[in-house]
Amino acid sequence: MNLENRTCVITGASRGIGRGIAEELAGEEVNVAVNYRSSQAEANDVVETIRDAGGTAITAQADVTDFSAIKSMRDHVHDEFGSIDILINNAGITKDTTFEKMTPDQWKSVIDVNLNGTFNATKAFFSDIKSSDQGRLINISSIVGKQGNFGQANYATSKSGIFGFTRTLALELAPSGSTANSVAPGFTKTDMLADVPDTVKDSIRDDIPMSRFGDVQDISHVVKFLASGEASYISGEVIDVNGAMDL
């Protein structure tokens, strides 16, 4: 898909969707920087898996809520690979409770990681993306950002904000030929879903027209396409990957 020798940073890439994207792009000969906050062993495992398969990857530690740490990570990536072409903002957390019970700290921590973290990483690498001949900004949002979800006011707000952020940067990047898009997964089989009680999962599955949860590969395949040259005229879009749940 014309991705050979491109360089990509993926935030929150030590597990789940981020890990799947890292392995998918590395399989297309992309140089991958696996960002993590504290899961060093898991991040090392991702890098080892990629290298064992013949790919190129490094770990890149930084807390996305800390802009100075993100800038240091950028310098580390530049030292290893040079300027990047693709940034995938994937890092995210949940702290679920009803709004009535939600504390300011629960609100702030989710906004800080999911939305402010997206700003921080994009700000640090924006000039790279803009100057690349195939610059790609891909932000991982969620169906919850479109529909809302009981007990997730903080998460829904953070993921909804990514839509406006993405569309605005698509306009600002357009003169350079670089693109910005968002992918909005539905309920996907990751550790985050595994923590949901079985009775709740059964109820969610009943609302999915395709009658199954998404696989990580369902997301990573779409991200790979958006990162490729074949998607050079797609920008400012929200790509839903949810088994028709939003229809």
# chains A, B, ... in the order shown; residues from 1 in each chain; ligands from 1
$ residues_around --residues "Phe81 (chain A)" --least-positions-apart "4" --cutoff "8 Å" --atoms "only C-alpha atoms" --output "list in words"
Thr7, Asn31 and Val77 of chain A
$ write_last_selection --atoms "N, CA and C atoms" --output "mmCIF file, in the first residue's frame"
data_model
loop_
_atom_site.group_PDB
_atom_site.id
_atom_site.type_symbol
_atom_site.label_atom_id
_atom_site.label_comp_id
_atom_site.auth_asym_id
_atom_site.auth_seq_id
_atom_site.Cartn_x
_atom_site.Cartn_y
_atom_site.Cartn_z
ATOM 1 N N THR A 7 7.521 6.639 8.470
ATOM 2 C CA THR A 7 7.731 6.562 9.910
ATOM 3 C C THR A 7 6.476 7.007 10.627
ATOM 4 N N ASN A 31 8.386 2.264 9.706
ATOM 5 C CA ASN A 31 9.157 2.380 10.938
ATOM 6 C C ASN A 31 8.207 2.843 12.039
ATOM 7 N N VAL A 77 12.496 10.087 18.899
ATOM 8 C CA VAL A 77 12.069 9.497 17.624
ATOM 9 C C VAL A 77 12.863 10.097 16.473
#
$ residues_around --residues "Thr166 (chain A)" --least-positions-apart "6" --cutoff "10 Å" --atoms "only C-alpha atoms" --output "VMD selection string"
chain A and resid 118 137 to 139 172 179 to 182 235 to 238
$ closest_residue --among "A:Gly145, A:Pro185, A:Gly117, A:Gly54" --to "Ala69 (chain A)" --atoms "only C-alpha atoms"
A:Gly117
$ residues_around --residues "region 205-207 of chain A" --least-positions-apart "3" --cutoff "12 Å" --atoms "only C-alpha atoms" --output "compact mmCIF listing (two decimals) with all heavy atoms, in the first residue's frame"
# COMPACT_ATOMS: atom_id res chain seq x y z
N GLY A 186 -16.58 1.04 17.11
CA GLY A 186 -17.62 0.63 18.03
C GLY A 186 -16.99 -0.15 19.16
O GLY A 186 -15.81 -0.01 19.47
N PHE A 187 -17.77 -1.01 19.79
CA PHE A 187 -17.26 -1.82 20.90
C PHE A 187 -16.35 -2.92 20.36
O PHE A 187 -16.79 -3.76 19.56
CB PHE A 187 -18.42 -2.38 21.71
CG PHE A 187 -19.18 -1.30 22.44
CD1 PHE A 187 -20.24 -0.64 21.83
CD2 PHE A 187 -18.79 -0.92 23.72
CE1 PHE A 187 -20.92 0.37 22.51
CE2 PHE A 187 -19.47 0.09 24.39
CZ PHE A 187 -20.54 0.74 23.78
N THR A 188 -15.10 -2.87 20.77
CA THR A 188 -14.05 -3.71 20.20
C THR A 188 -13.43 -4.59 21.28
O THR A 188 -13.30 -4.17 22.44
CB THR A 188 -12.96 -2.82 19.56
OG1 THR A 188 -13.59 -1.91 18.63
CG2 THR A 188 -11.94 -3.65 18.81
N LYS A 189 -13.05 -5.78 20.91
CA LYS A 189 -12.52 -6.75 21.87
C LYS A 189 -11.11 -6.36 22.32
O LYS A 189 -10.12 -6.76 21.72
CB LYS A 189 -12.53 -8.16 21.26
CG LYS A 189 -13.94 -8.73 21.10
CD LYS A 189 -13.94 -10.14 20.55
CE LYS A 189 -13.66 -10.18 19.07
NZ LYS A 189 -13.84 -11.52 18.49
N LEU A 193 -12.97 -3.51 27.00
CA LEU A 193 -14.26 -4.22 26.92
C LEU A 193 -14.27 -5.41 27.86
O LEU A 193 -15.32 -5.76 28.43
CB LEU A 193 -14.52 -4.69 25.49
CG LEU A 193 -15.86 -5.36 25.22
CD1 LEU A 193 -17.02 -4.39 25.46
CD2 LEU A 193 -15.92 -5.92 23.81
N ASP A 198 -20.43 -9.30 32.00
CA ASP A 198 -20.97 -10.11 30.91
C ASP A 198 -22.40 -9.73 30.56
O ASP A 198 -22.79 -9.73 29.39
CB ASP A 198 -20.89 -11.60 31.26
CG ASP A 198 -19.47 -12.14 31.24
OD1 ASP A 198 -18.61 -11.47 30.61
OD2 ASP A 198 -19.22 -13.21 31.83
N THR A 199 -23.20 -9.43 31.57
CA THR A 199 -24.60 -9.08 31.29
C THR A 199 -24.69 -7.79 30.48
O THR A 199 -25.54 -7.66 29.59
CB THR A 199 -25.38 -8.91 32.60
OG1 THR A 199 -24.70 -7.95 33.45
CG2 THR A 199 -25.51 -10.24 33.33
N VAL A 200 -23.79 -6.85 30.76
CA VAL A 200 -23.77 -5.59 30.00
C VAL A 200 -23.28 -5.84 28.59
O VAL A 200 -23.82 -5.30 27.61
CB VAL A 200 -22.90 -4.54 30.71
CG1 VAL A 200 -22.80 -3.26 29.89
CG2 VAL A 200 -23.44 -4.25 32.10
N LYS A 201 -22.25 -6.69 28.46
CA LYS A 201 -21.75 -7.02 27.12
C LYS A 201 -22.83 -7.68 26.28
O LYS A 201 -22.95 -7.40 25.08
CB LYS A 201 -20.51 -7.92 27.22
CG LYS A 201 -19.25 -7.17 27.61
CD LYS A 201 -17.99 -8.00 27.45
CE LYS A 201 -17.84 -9.00 28.58
NZ LYS A 201 -16.49 -9.61 28.59
N ASP A 202 -23.61 -8.57 26.88
CA ASP A 202 -24.69 -9.22 26.14
C ASP A 202 -25.70 -8.19 25.65
O ASP A 202 -26.20 -8.29 24.51
CB ASP A 202 -25.38 -10.25 27.03
CG ASP A 202 -24.52 -11.47 27.31
OD1 ASP A 202 -23.54 -11.68 26.58
OD2 ASP A 202 -24.81 -12.20 28.28
N MET A 210 -24.61 -6.38 13.34
CA MET A 210 -23.79 -7.49 12.88
C MET A 210 -23.59 -8.55 13.96
O MET A 210 -22.91 -9.55 13.73
CB MET A 210 -22.44 -6.99 12.35
CG MET A 210 -22.58 -6.14 11.08
SD MET A 210 -21.00 -5.74 10.30
CE MET A 210 -20.55 -7.33 9.63
N SER A 211 -24.16 -8.32 15.13
CA SER A 211 -24.21 -9.31 16.22
C SER A 211 -22.85 -9.78 16.71
O SER A 211 -22.70 -10.91 17.16
CB SER A 211 -25.05 -10.52 15.79
OG SER A 211 -26.37 -10.12 15.46
N ARG A 212 -21.86 -8.92 16.62
CA ARG A 212 -20.54 -9.26 17.17
C ARG A 212 -19.80 -7.99 17.54
O ARG A 212 -20.07 -6.92 17.00
CB ARG A 212 -19.70 -10.07 16.17
CG ARG A 212 -19.19 -9.30 14.96
CD ARG A 212 -18.18 -10.12 14.17
NE ARG A 212 -17.68 -9.46 12.97
CZ ARG A 212 -16.62 -8.66 12.95
NH1 ARG A 212 -15.94 -8.40 14.06
NH2 ARG A 212 -16.21 -8.12 11.81
N PHE A 213 -18.85 -8.14 18.46
CA PHE A 213 -17.95 -7.04 18.76
C PHE A 213 -16.87 -6.97 17.68
O PHE A 213 -16.57 -7.96 17.00
CB PHE A 213 -17.31 -7.24 20.13
CG PHE A 213 -18.28 -7.18 21.27
CD1 PHE A 213 -18.44 -8.26 22.12
CD2 PHE A 213 -19.02 -6.04 21.50
CE1 PHE A 213 -19.34 -8.21 23.18
CE2 PHE A 213 -19.93 -5.98 22.55
CZ PHE A 213 -20.09 -7.07 23.39
N GLY A 214 -16.30 -5.78 17.53
CA GLY A 214 -15.22 -5.62 16.58
C GLY A 214 -13.95 -6.32 17.03
O GLY A 214 -13.70 -6.47 18.22
N ASN A 242 -18.16 0.02 13.24
CA ASN A 242 -18.97 -0.37 14.40
C ASN A 242 -20.04 -1.42 14.09
O ASN A 242 -20.97 -1.60 14.88
CB ASN A 242 -19.60 0.86 15.03
CG ASN A 242 -20.45 1.65 14.03
OD1 ASN A 242 -21.24 1.09 13.27
ND2 ASN A 242 -20.31 2.96 14.04
N GLY A 243 -19.94 -2.11 12.97
CA GLY A 243 -20.91 -3.15 12.66
C GLY A 243 -22.32 -2.63 12.45
O GLY A 243 -23.29 -3.32 12.73
N ALA A 244 -22.43 -1.37 11.96
CA ALA A 244 -23.70 -0.70 11.67
C ALA A 244 -24.46 -0.31 12.94
O ALA A 244 -25.66 -0.05 12.89
CB ALA A 244 -24.60 -1.56 10.77
N MET A 245 -23.76 -0.23 14.05
CA MET A 245 -24.42 0.09 15.31
C MET A 245 -25.00 1.50 15.33
O MET A 245 -25.94 1.78 16.07
CB MET A 245 -23.43 -0.09 16.47
CG MET A 245 -24.08 -0.01 17.84
SD MET A 245 -22.87 -0.32 19.15
CE MET A 245 -23.92 -0.16 20.60
N ASP A 246 -24.42 2.41 14.55
CA ASP A 246 -24.87 3.81 14.60
C ASP A 246 -25.99 4.10 13.61
O ASP A 246 -26.41 5.25 13.47
CB ASP A 246 -23.70 4.76 14.36
CG ASP A 246 -23.11 4.62 12.97
OD1 ASP A 246 -23.18 3.52 12.41
OD2 ASP A 246 -22.55 5.63 12.46
N LEU A 247 -26.50 3.09 12.92
CA LEU A 247 -27.55 3.31 11.93
C LEU A 247 -28.93 3.26 12.58
O LEU A 247 -29.12 2.64 13.61
CB LEU A 247 -27.46 2.26 10.83
CG LEU A 247 -26.15 2.26 10.03
CD1 LEU A 247 -26.21 1.18 8.97
CD2 LEU A 247 -25.92 3.64 9.38
$ atom_distance --atom1 "CA of Ile143 (chain A)" --atom2 "CA of Gln40 (chain A)"
29.1 Å
$ residues_around --residues "Lys146 (chain A)" --least-positions-apart "4" --cutoff "9 Å" --atoms "only C-alpha atoms" --output "PyMOL selection string"
chain A and resi 142+156+159-160+184+246
$ write_last_selection --atoms "all heavy atoms" --output "PDB file, in the first residue's frame"
ATOM      1  N   SER A 142     -14.379   7.314  18.953  1.00  0.00           N
ATOM      2  CA  SER A 142     -15.248   6.241  19.420  1.00  0.00           C
ATOM      3  C   SER A 142     -16.683   6.522  19.004  1.00  0.00           C
ATOM      4  O   SER A 142     -17.096   7.690  18.873  1.00  0.00           O
ATOM      5  CB  SER A 142     -15.181   6.132  20.953  1.00  0.00           C
ATOM      6  OG  SER A 142     -16.188   5.261  21.437  1.00  0.00           O
ATOM      7  N   ALA A 156     -17.287  10.447  26.515  1.00  0.00           N
ATOM      8  CA  ALA A 156     -18.017  10.892  25.323  1.00  0.00           C
ATOM      9  C   ALA A 156     -17.590  12.294  24.911  1.00  0.00           C
ATOM     10  O   ALA A 156     -17.408  12.582  23.716  1.00  0.00           O
ATOM     11  CB  ALA A 156     -19.524  10.850  25.584  1.00  0.00           C
ATOM     12  N   LYS A 159     -14.069  12.180  23.297  1.00  0.00           N
ATOM     13  CA  LYS A 159     -14.055  11.570  21.966  1.00  0.00           C
ATOM     14  C   LYS A 159     -14.817  12.401  20.950  1.00  0.00           C
ATOM     15  O   LYS A 159     -14.467  12.427  19.766  1.00  0.00           O
ATOM     16  CB  LYS A 159     -14.621  10.149  22.041  1.00  0.00           C
ATOM     17  CG  LYS A 159     -13.727   9.176  22.822  1.00  0.00           C
ATOM     18  CD  LYS A 159     -12.344   9.075  22.204  1.00  0.00           C
ATOM     19  CE  LYS A 159     -11.497   7.980  22.836  1.00  0.00           C
ATOM     20  NZ  LYS A 159     -10.165   7.847  22.194  1.00  0.00           N
ATOM     21  N   SER A 160     -15.858  13.097  21.396  1.00  0.00           N
ATOM     22  CA  SER A 160     -16.568  14.007  20.501  1.00  0.00           C
ATOM     23  C   SER A 160     -15.681  15.187  20.110  1.00  0.00           C
ATOM     24  O   SER A 160     -15.690  15.637  18.956  1.00  0.00           O
ATOM     25  CB  SER A 160     -17.844  14.503  21.189  1.00  0.00           C
ATOM     26  OG  SER A 160     -18.553  15.383  20.355  1.00  0.00           O
ATOM     27  N   ALA A 184     -13.675   6.012  14.217  1.00  0.00           N
ATOM     28  CA  ALA A 184     -14.556   5.875  15.376  1.00  0.00           C
ATOM     29  C   ALA A 184     -14.978   4.424  15.528  1.00  0.00           C
ATOM     30  O   ALA A 184     -15.981   3.997  14.952  1.00  0.00           O
ATOM     31  CB  ALA A 184     -15.770   6.779  15.228  1.00  0.00           C
ATOM     32  N   ASP A 246     -24.418   2.414  14.549  1.00  0.00           N
ATOM     33  CA  ASP A 246     -24.871   3.812  14.601  1.00  0.00           C
ATOM     34  C   ASP A 246     -25.992   4.103  13.613  1.00  0.00           C
ATOM     35  O   ASP A 246     -26.408   5.247  13.472  1.00  0.00           O
ATOM     36  CB  ASP A 246     -23.697   4.762  14.357  1.00  0.00           C
ATOM     37  CG  ASP A 246     -23.106   4.624  12.971  1.00  0.00           C
ATOM     38  OD1 ASP A 246     -23.179   3.525  12.407  1.00  0.00           O
ATOM     39  OD2 ASP A 246     -22.550   5.628  12.463  1.00  0.00           O
TER      40      ASP A 246
END
$ select_by_dssp --residues "region 11-59 of chain A" --states "helix (DSSP H, G or I)" --output "number ranges by chain"
A: 16-26, 40-52
$ closest_residue --among "A:Gly229, A:Pro209, A:Gly164, A:Gly18" --to "Ala91 (chain A)" --atoms "only C-alpha atoms"
A:Gly18
$ closest_residue --among "A:Thr98, A:Gly82, A:Glu28, A:Gly12" --to "Phe150 (chain A)" --atoms "only C-alpha atoms"
A:Thr98
$ closest_residue --among "A:Asn90, A:Asn149, A:Ser68, A:Ser176" --to "Lys123 (chain A)" --atoms "only C-alpha atoms"
A:Ser68
$ closest_residue --among "A:Thr97, A:Gln147, A:Ser83, A:Gln217" --to "Phe125 (chain A)" --atoms "only C-alpha atoms"
A:Ser83
$ closest_residue --among "A:Asp105, A:Asp215, A:Glu29, A:Asp75" --to "Glu4 (chain A)" --atoms "only C-alpha atoms"
A:Glu29
$ atom_distance --atom1 "CA of Ala60 (chain A)" --atom2 "CA of Arg74 (chain A)"
8.4 Å
$ select_by_dssp --residues "region 60-168 of chain A" --states "strand (DSSP E)" --output "PyMOL selection string"
chain A and resi 60-61+86-89+136-140
$ write_last_selection --atoms "N, CA and C atoms" --output "compact mmCIF listing (two decimals), in the first residue's frame"
# COMPACT_ATOMS: atom_id res chain seq x y z
N ALA A 60 8.90 4.35 22.76
CA ALA A 60 8.97 5.80 22.90
C ALA A 60 8.12 6.20 24.10
N GLN A 61 8.75 6.27 25.27
CA GLN A 61 8.01 6.52 26.51
C GLN A 61 7.66 8.00 26.66
N ILE A 86 3.52 9.87 9.83
CA ILE A 86 2.20 9.46 10.31
C ILE A 86 2.16 9.56 11.83
N LEU A 87 1.12 10.23 12.33
CA LEU A 87 0.86 10.26 13.77
C LEU A 87 -0.51 9.67 14.01
N ILE A 88 -0.57 8.69 14.90
CA ILE A 88 -1.85 8.08 15.26
C ILE A 88 -2.08 8.31 16.75
N ASN A 89 -3.05 9.17 17.04
CA ASN A 89 -3.40 9.46 18.42
C ASN A 89 -4.41 8.43 18.91
N ARG A 136 0.15 12.15 7.41
CA ARG A 136 -1.12 11.58 7.84
C ARG A 136 -1.30 11.79 9.35
N LEU A 137 -2.40 12.42 9.72
CA LEU A 137 -2.82 12.51 11.12
C LEU A 137 -4.08 11.67 11.24
N ILE A 138 -4.05 10.66 12.10
CA ILE A 138 -5.19 9.77 12.29
C ILE A 138 -5.51 9.71 13.78
N ASN A 139 -6.70 10.15 14.13
CA ASN A 139 -7.11 10.22 15.53
C ASN A 139 -8.16 9.15 15.81
N ILE A 140 -7.91 8.35 16.82
CA ILE A 140 -8.85 7.28 17.19
C ILE A 140 -9.88 7.85 18.16
$ residues_around --residues "Ala231 (chain A)" --least-positions-apart "5" --cutoff "10 Å" --atoms "only C-alpha atoms" --output "VMD selection string"
chain A and resid 1 134 136 179 224 to 226
$ write_last_selection --atoms "N, CA and C atoms" --output "PDB file, in the first residue's frame"
ATOM      1  N   MET A   1       0.816  -1.210   0.000  1.00  0.00           N
ATOM      2  CA  MET A   1       0.000   0.000   0.000  1.00  0.00           C
ATOM      3  C   MET A   1       0.854   1.266   0.000  1.00  0.00           C
ATOM      4  N   GLN A 134       3.668  12.703   2.342  1.00  0.00           N
ATOM      5  CA  GLN A 134       2.508  11.844   2.549  1.00  0.00           C
ATOM      6  C   GLN A 134       2.134  11.912   4.039  1.00  0.00           C
ATOM      7  N   ARG A 136       0.148  12.151   7.413  1.00  0.00           N
ATOM      8  CA  ARG A 136      -1.120  11.583   7.843  1.00  0.00           C
ATOM      9  C   ARG A 136      -1.297  11.788   9.352  1.00  0.00           C
ATOM     10  N   THR A 179      -3.136  14.949   5.231  1.00  0.00           N
ATOM     11  CA  THR A 179      -4.527  14.706   5.588  1.00  0.00           C
ATOM     12  C   THR A 179      -4.693  14.483   7.086  1.00  0.00           C
ATOM     13  N   LYS A 224      -4.617   1.476   8.373  1.00  0.00           N
ATOM     14  CA  LYS A 224      -3.599   1.240   7.345  1.00  0.00           C
ATOM     15  C   LYS A 224      -3.996   1.886   6.025  1.00  0.00           C
ATOM     16  N   PHE A 225      -5.252   1.749   5.652  1.00  0.00           N
ATOM     17  CA  PHE A 225      -5.710   2.371   4.407  1.00  0.00           C
ATOM     18  C   PHE A 225      -5.584   3.887   4.480  1.00  0.00           C
ATOM     19  N   LEU A 226      -6.033   4.492   5.581  1.00  0.00           N
ATOM     20  CA  LEU A 226      -5.963   5.949   5.696  1.00  0.00           C
ATOM     21  C   LEU A 226      -4.526   6.458   5.699  1.00  0.00           C
TER      22      LEU A 226
END
$ residues_around --residues "Ala53 (chain A)" --least-positions-apart "6" --cutoff "10 Å" --atoms "only C-alpha atoms" --output "PyMOL selection string"
chain A and resi 23+26-27+47
$ write_last_selection --atoms "C-alpha atoms" --output "compact mmCIF listing (two decimals), in the first residue's frame"
# COMPACT_ATOMS: atom_id res chain seq x y z
CA GLU A 23 1.91 -4.51 14.10
CA ALA A 26 5.13 -2.57 10.66
CA GLY A 27 4.02 -5.38 8.34
CA VAL A 47 8.69 -4.06 19.60
$ decode --residues "region 5-93 of chain A" --atoms "C-alpha atoms" --output "PDB file, in the first residue's frame"
ATOM      1  CA  ASN A   5      10.032   3.463   4.737  1.00  0.00           C
ATOM      2  CA  ARG A   6       7.405   5.770   6.222  1.00  0.00           C
ATOM      3  CA  THR A   7       7.731   6.562   9.910  1.00  0.00           C
ATOM      4  CA  CYS A   8       4.852   6.475  12.354  1.00  0.00           C
ATOM      5  CA  VAL A   9       4.279   7.323  16.010  1.00  0.00           C
ATOM      6  CA  ILE A  10       1.360   5.607  17.738  1.00  0.00           C
ATOM      7  CA  THR A  11       0.349   6.794  21.190  1.00  0.00           C
ATOM      8  CA  GLY A  12      -0.881   4.211  23.650  1.00  0.00           C
ATOM      9  CA  ALA A  13       0.516   1.409  21.519  1.00  0.00           C
ATOM     10  CA  SER A  14       1.536  -1.133  24.144  1.00  0.00           C
ATOM     11  CA  ARG A  15      -1.741  -3.063  23.923  1.00  0.00           C
ATOM     12  CA  GLY A  16      -5.203  -3.249  22.382  1.00  0.00           C
ATOM     13  CA  ILE A  17      -6.008  -1.216  19.293  1.00  0.00           C
ATOM     14  CA  GLY A  18      -2.696   0.652  19.457  1.00  0.00           C
ATOM     15  CA  ARG A  19      -0.717  -2.568  19.434  1.00  0.00           C
ATOM     16  CA  GLY A  20      -2.772  -3.925  16.549  1.00  0.00           C
ATOM     17  CA  ILE A  21      -2.115  -0.790  14.512  1.00  0.00           C
ATOM     18  CA  ALA A  22       1.619  -0.925  15.293  1.00  0.00           C
ATOM     19  CA  GLU A  23       1.911  -4.513  14.100  1.00  0.00           C
ATOM     20  CA  GLU A  24      -0.261  -3.852  11.037  1.00  0.00           C
ATOM     21  CA  LEU A  25       1.813  -0.896   9.854  1.00  0.00           C
ATOM     22  CA  ALA A  26       5.127  -2.573  10.656  1.00  0.00           C
ATOM     23  CA  GLY A  27       4.019  -5.377   8.336  1.00  0.00           C
ATOM     24  CA  GLU A  28       3.923  -2.772   5.559  1.00  0.00           C
ATOM     25  CA  GLU A  29       7.557  -1.794   6.280  1.00  0.00           C
ATOM     26  CA  VAL A  30       6.671   1.320   8.250  1.00  0.00           C
ATOM     27  CA  ASN A  31       9.157   2.380  10.938  1.00  0.00           C
ATOM     28  CA  VAL A  32       7.050   2.339  14.102  1.00  0.00           C
ATOM     29  CA  ALA A  33       7.541   4.198  17.381  1.00  0.00           C
ATOM     30  CA  VAL A  34       5.524   2.472  20.106  1.00  0.00           C
ATOM     31  CA  ASN A  35       4.517   5.065  22.670  1.00  0.00           C
ATOM     32  CA  TYR A  36       3.607   4.030  26.189  1.00  0.00           C
ATOM     33  CA  ARG A  37       3.232   5.736  29.551  1.00  0.00           C
ATOM     34  CA  SER A  38       4.067   3.060  32.139  1.00  0.00           C
ATOM     35  CA  SER A  39       3.639  -0.369  30.486  1.00  0.00           C
ATOM     36  CA  GLN A  40       7.293  -0.794  29.554  1.00  0.00           C
ATOM     37  CA  ALA A  41       7.237  -4.594  29.477  1.00  0.00           C
ATOM     38  CA  GLU A  42       4.219  -4.639  27.197  1.00  0.00           C
ATOM     39  CA  ALA A  43       5.736  -2.001  24.904  1.00  0.00           C
ATOM     40  CA  ASN A  44       8.970  -3.996  24.706  1.00  0.00           C
ATOM     41  CA  ASP A  45       6.941  -7.063  23.767  1.00  0.00           C
ATOM     42  CA  VAL A  46       5.291  -5.173  20.901  1.00  0.00           C
ATOM     43  CA  VAL A  47       8.688  -4.059  19.598  1.00  0.00           C
ATOM     44  CA  GLU A  48      10.149  -7.561  19.913  1.00  0.00           C
ATOM     45  CA  THR A  49       7.178  -9.044  18.070  1.00  0.00           C
ATOM     46  CA  ILE A  50       7.599  -6.551  15.235  1.00  0.00           C
ATOM     47  CA  ARG A  51      11.351  -7.116  15.013  1.00  0.00           C
ATOM     48  CA  ASP A  52      10.941 -10.902  15.068  1.00  0.00           C
ATOM     49  CA  ALA A  53       8.640 -10.528  12.049  1.00  0.00           C
ATOM     50  CA  GLY A  54      11.298  -8.523  10.196  1.00  0.00           C
ATOM     51  CA  GLY A  55       9.939  -5.057  10.965  1.00  0.00           C
ATOM     52  CA  THR A  56      11.488  -1.952  12.478  1.00  0.00           C
ATOM     53  CA  ALA A  57      10.263  -0.515  15.770  1.00  0.00           C
ATOM     54  CA  ILE A  58      11.372   1.323  18.884  1.00  0.00           C
ATOM     55  CA  THR A  59       9.749   2.154  22.201  1.00  0.00           C
ATOM     56  CA  ALA A  60       8.966   5.804  22.901  1.00  0.00           C
ATOM     57  CA  GLN A  61       8.014   6.525  26.508  1.00  0.00           C
ATOM     58  CA  ALA A  62       5.978   9.601  27.386  1.00  0.00           C
ATOM     59  CA  ASP A  63       2.859  10.560  29.275  1.00  0.00           C
ATOM     60  CA  VAL A  64       0.680  12.228  26.638  1.00  0.00           C
ATOM     61  CA  THR A  65      -0.682  14.657  29.236  1.00  0.00           C
ATOM     62  CA  ASP A  66       2.822  16.107  29.725  1.00  0.00           C
ATOM     63  CA  PHE A  67       3.789  18.296  26.773  1.00  0.00           C
ATOM     64  CA  SER A  68       7.446  18.519  27.800  1.00  0.00           C
ATOM     65  CA  ALA A  69       7.618  14.709  27.931  1.00  0.00           C
ATOM     66  CA  ILE A  70       6.028  14.514  24.480  1.00  0.00           C
ATOM     67  CA  LYS A  71       8.631  16.920  23.107  1.00  0.00           C
ATOM     68  CA  SER A  72      11.400  14.766  24.583  1.00  0.00           C
ATOM     69  CA  MET A  73       9.808  11.710  22.966  1.00  0.00           C
ATOM     70  CA  ARG A  74       9.734  13.562  19.648  1.00  0.00           C
ATOM     71  CA  ASP A  75      13.450  14.247  19.936  1.00  0.00           C
ATOM     72  CA  HIS A  76      14.077  10.564  20.675  1.00  0.00           C
ATOM     73  CA  VAL A  77      12.069   9.497  17.624  1.00  0.00           C
ATOM     74  CA  HIS A  78      13.867  12.047  15.453  1.00  0.00           C
ATOM     75  CA  ASP A  79      17.234  10.736  16.650  1.00  0.00           C
ATOM     76  CA  GLU A  80      16.242   7.188  15.679  1.00  0.00           C
ATOM     77  CA  PHE A  81      14.193   7.708  12.512  1.00  0.00           C
ATOM     78  CA  GLY A  82      14.229  11.368  11.534  1.00  0.00           C
ATOM     79  CA  SER A  83      11.046  13.267  10.801  1.00  0.00           C
ATOM     80  CA  ILE A  84       7.830  11.262  10.949  1.00  0.00           C
ATOM     81  CA  ASP A  85       5.090  10.951   8.320  1.00  0.00           C
ATOM     82  CA  ILE A  86       2.203   9.461  10.309  1.00  0.00           C
ATOM     83  CA  LEU A  87       0.865  10.256  13.768  1.00  0.00           C
ATOM     84  CA  ILE A  88      -1.852   8.076  15.262  1.00  0.00           C
ATOM     85  CA  ASN A  89      -3.399   9.462  18.423  1.00  0.00           C
ATOM     86  CA  ASN A  90      -4.739   6.373  20.139  1.00  0.00           C
ATOM     87  CA  ALA A  91      -3.993   6.806  23.856  1.00  0.00           C
ATOM     88  CA  GLY A  92      -7.155   6.805  25.906  1.00  0.00           C
ATOM     89  CA  ILE A  93      -8.635   5.944  29.301  1.00  0.00           C
TER      90      ILE A  93
END
